Amino acid sequence: AQKITQTQPGMFVQEKEAVTLDCTYDTSDPSYGLFWYKQPSSGEMIFLIYQGSYDQQNATEGRYSLNFQKARKSANLVISASQLGDSAMYFCAMREAYNTDKLIFGTGTRLQVFP
Amino acid sequence: KAGVTQTPRYLIKTRGQQVTLSCSPISGHRSVSWYQQTPGQGLQFLFEYFSETQRNKGNFPGRFSGRQFSNSRSEMNVSTLELGDSALYLCASSLEPGETEAFFGQGTRLTVV
């Protein structure tokens with residue numbers, strides 16, 4: 001069965017530093033998509049970045065990049081130049097097929113950015 | 001353009017009652033999915049709808065049901081509420097199933113007392 005594992009319940013980072021949030025996944029399906037979402041205290045899930053299983057290059061979106069290591073089944077999120085507004089819960093998620101919107105989420109990592 | 005709108009934002013219900021939550025997707029989006037978020041179970045998939053058809057259903061009891069209308073708006077219903085149904089219910093929409101980005105609403109926070 002598909003599964004997402006986030007082993008870091010909480011992370012601290014100083015403003016302007018880079019931080020890596022870990023995510024490993026398990027699936028037997030060769031076609032899948034990996035997502036990262038940010039959830040501030042308001043509750044809304046904000047899309048950050050997407051990586052398809054067949055994508056050759058690591059995805060990047062502004063200060064966010066996804067370190068995709070397919071053989072290790074890991075999809076770590078790297079946030080460069082952290083800002084105070086980055087403090088939030090971060091969820092890694094997997095879509096198990098390409099023609100569905102059903103996502104399987106990890107347990108999340110709470111990131112706190114301090115001055 | 002307007003984002004995903006979920007109503008109401010907050011709701012308090014008594015055990016045994018039923019509740020209906022509404023989700024209006026982004027204009028033009030035809031795929032809607034629902035999730036339940038609780039401190040104990042995390043984020044769990046409830047349903048997925050596209051063109052008024054339920055395409056996927058998560059592992060929830062039959063008390064949880066949903067539907068999608070011709071204008072893509074979706075509702076979910078929970079009957080015979082239990083204390084454990086207290087959660088943040090999130091709705092997401094996309095143009096079609098499998099899009100790389102699904103946009104979430106701010107959720108409906110349901111408290112069952």
# chains A, B, ... in the order shown; residues from 1 in each chain; ligands from 1

$ interface_residues --of "chain B" --to "chain A" --cutoff "6 Å" --atoms "only C-alpha atoms" --output "list in words"
Gly42, Pro97, Gly98, Phe104, Gly105 and Gln106 of chain B

$ select_by_dssp --residues "chain B" --states "strand (DSSP E)" --output "ChimeraX atom specification"
/B:5-7,10-13,19-24,31-38,42-50,53-57,64-68,74-78,87-94,103-104,108-112

$ closest_residue --among "A:Ser87, A:Gln56, A:Thr5, A:Ser28" --to "Gln69 (chain A)" --atoms "only C-alpha atoms"
A:Gln56

$ residues_around --residues "region 46-54 of chain B" --least-positions-apart "6" --cutoff "10 Å" --atoms "only C-alpha atoms" --output "number ranges by chain"
A: 100-102; B: 29-36, 60, 64-74, 76, 89-97

$ closest_residue --among "B:Pro25, B:Gly40, B:Gly84, B:Pro61" --to "Ala102 (chain B)" --atoms "only C-alpha atoms"
B:Pro25

$ atom_distance --atom1 "CA of Leu88 (chain B)" --atom2 "CA of Leu43 (chain B)"
9.1 Å

$ residues_around --residues "Arg63 (chain B)" --least-positions-apart "5" --cutoff "10 Å" --atoms "only C-alpha atoms" --output "list in words"
Gln18, Asn77, Val78, Ser79, Thr80 and Leu81 of chain B

$ residues_around --residues "Ala18 (chain A)" --least-positions-apart "2" --cutoff "9 Å" --atoms "only C-alpha atoms" --output "VMD selection string"
chain A and resid 13 to 16 20 78 to 82

$ residues_around --residues "Leu77 (chain A)" --least-positions-apart "2" --cutoff "8 Å" --atoms "only C-alpha atoms" --output "MDAnalysis selection string"
chainID A and resid 20:23 36 64:67 75 79

$ closest_residue --among "A:Val113, A:Met94, A:Arg72, A:Gly85" --to "Ser41 (chain A)" --atoms "only C-alpha atoms"
A:Gly85

$ residues_around --residues "region 9-12 of chain A" --least-positions-apart "6" --cutoff "6 Å" --atoms "only C-alpha atoms" --output "PyMOL selection string"
chain A and resi 109-113
